[in-house]
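**Student:** Below is one structure. I have some questions about it.
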Amino acid sequence: MVDRVVQETAQAMTYIDSAVLSLTERICRRFQTWTGRSNVWVAFQLTNLSIVVYFVWVTRLYFLSGDVLLRAFVALFCGGVFFVLTRTIFKASVEFAETEAYRRVARGLRNPRRIRDAQLRIAFLTLSIMLSYRLVFVHLHVSFALFTEALIILTTVVLYVLACDPLPPCAGRVKEWFRRLAPARSAKAQPAGSSLGTHTFLGRRAA
């Protein structure tokens, strides 16, 4: 009986993970058609935001704790995380990551993170839902709890965005709209200037 419940729960979470991933990919592709920025670029920006939230969270934990050993551990752990970030995320540029993603899509390959990170995504998604439900009833150290929940949600979103497949490179509708708008404005400004110059020239000749 217990095994059956566990199996049904695992199947349900797998279905939810697939649905959330499909929705995330649809949103990322719609965002790419409008801005020309792929899901890799979005993931990099969200990662930078999560790093800022993480260091704010660590700072809150550092000042809320009065234990010297805990503060030393937090400082060393924060330094270790920063060292790892310099060797992983900060080492590769977003342009390089986007190029690799476009090459994989051109070869007809799906994102390996869809299967490789499935269990990790499900774990963070479950944790986000559980903590969101708990924060409704928890009022002690609300700001610290909110930073914790924000960090978990950002990590969950980053995992889902990284597992998406981008569209082929495109300029983006917004960029094309601004490009079309700029020549139209210059075209409208030129006749006004030329007519003004013509009137000035005729006025000088009449004088």
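Labels used: A, B, ... for chains in the order of the structure tokens, numbers from 1 for residues in each chain, and numbers from 1 for ligands as shown.
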Please provide the set of residues having any atom within 9 Å of stretch 23-31 of chain A, restricted to only C-alpha atoms, with same-chain residues fewer than 4 positions apart removed, written as a PDB file with C-alpha atoms, in the first residue's frame.

**Tutor:**
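So part-v5.pdb came out as:
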ATOM      1  CA  SER A  18       6.873  17.937 -17.339  1.00  0.00           C
ATOM      2  CA  ALA A  19       3.943  20.368 -17.424  1.00  0.00           C
ATOM      3  CA  THR A  35      13.482  40.344 -27.483  1.00  0.00           C
ATOM      4  CA  GLY A  36      15.866  38.019 -29.319  1.00  0.00           C
ATOM      5  CA  ARG A  37      17.240  36.796 -25.975  1.00  0.00           C
ATOM      6  CA  SER A  38      17.286  33.051 -25.401  1.00  0.00           C
ATOM      7  CA  ASN A  39      16.523  31.124 -22.230  1.00  0.00           C
ATOM      8  CA  VAL A  42      17.407  34.687 -18.963  1.00  0.00           C
ATOM      9  CA  VAL A 157      13.074  28.884 -11.821  1.00  0.00           C
ATOM     10  CA  TYR A 160      13.538  25.016 -15.270  1.00  0.00           C
ATOM     11  CA  VAL A 161      14.820  27.787 -17.555  1.00  0.00           C
ATOM     12  CA  ALA A 163      16.356  22.827 -19.104  1.00  0.00           C
ATOM     13  CA  CYS A 164      14.558  24.536 -22.000  1.00  0.00           C
ATOM     14  CA  ASP A 165      15.564  24.475 -25.653  1.00  0.00           C
ATOM     15  CA  PRO A 166      15.881  27.861 -27.386  1.00  0.00           C
ATOM     16  CA  LEU A 167      14.626  28.801 -30.801  1.00  0.00           C
ATOM     17  CA  GLY A 172      13.386  39.990 -31.936  1.00  0.00           C
TER      18      GLY A 172
END

**Student:** With only C-alpha atoms as the counted atoms, please give the residues lying no more than 12 Å from A:Thr155, apart from itself and same-chain residues fewer than 2 positions off, as a ChimeraX atom specification.

**Tutor:** /A:43-51,53-54,120-125,127-128,148-153,157-162

**Student:** Which value, in Å to one decimal, gives the distance between atom CA of A:Thr33 and atom CA of A:Ala171?

**Tutor:** 7.8 Å

**Student:** Between atom CA of A:Trp34 and atom CA of A:Pro112, what is the distance in Å, rounded to a tenth?

**Tutor:**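 Atom CA of A:Trp34 sits 25.8 Å away from atom CA of A:Pro112.
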
**Student:** Could you check how far atom CA of A:Glu100 sits from atom CA of A:Leu21, in Å to one decimal?

**Tutor:**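 Distance between the two atoms: 20.5 Å.
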
**Student:** In stretch 105-176 of chain A, what's alpha helix (DSSP H) per DSSP? Answer as a ChimeraX atom specification?

**Tutor:** /A:105-106,113-116,118-135,142-162,173-176
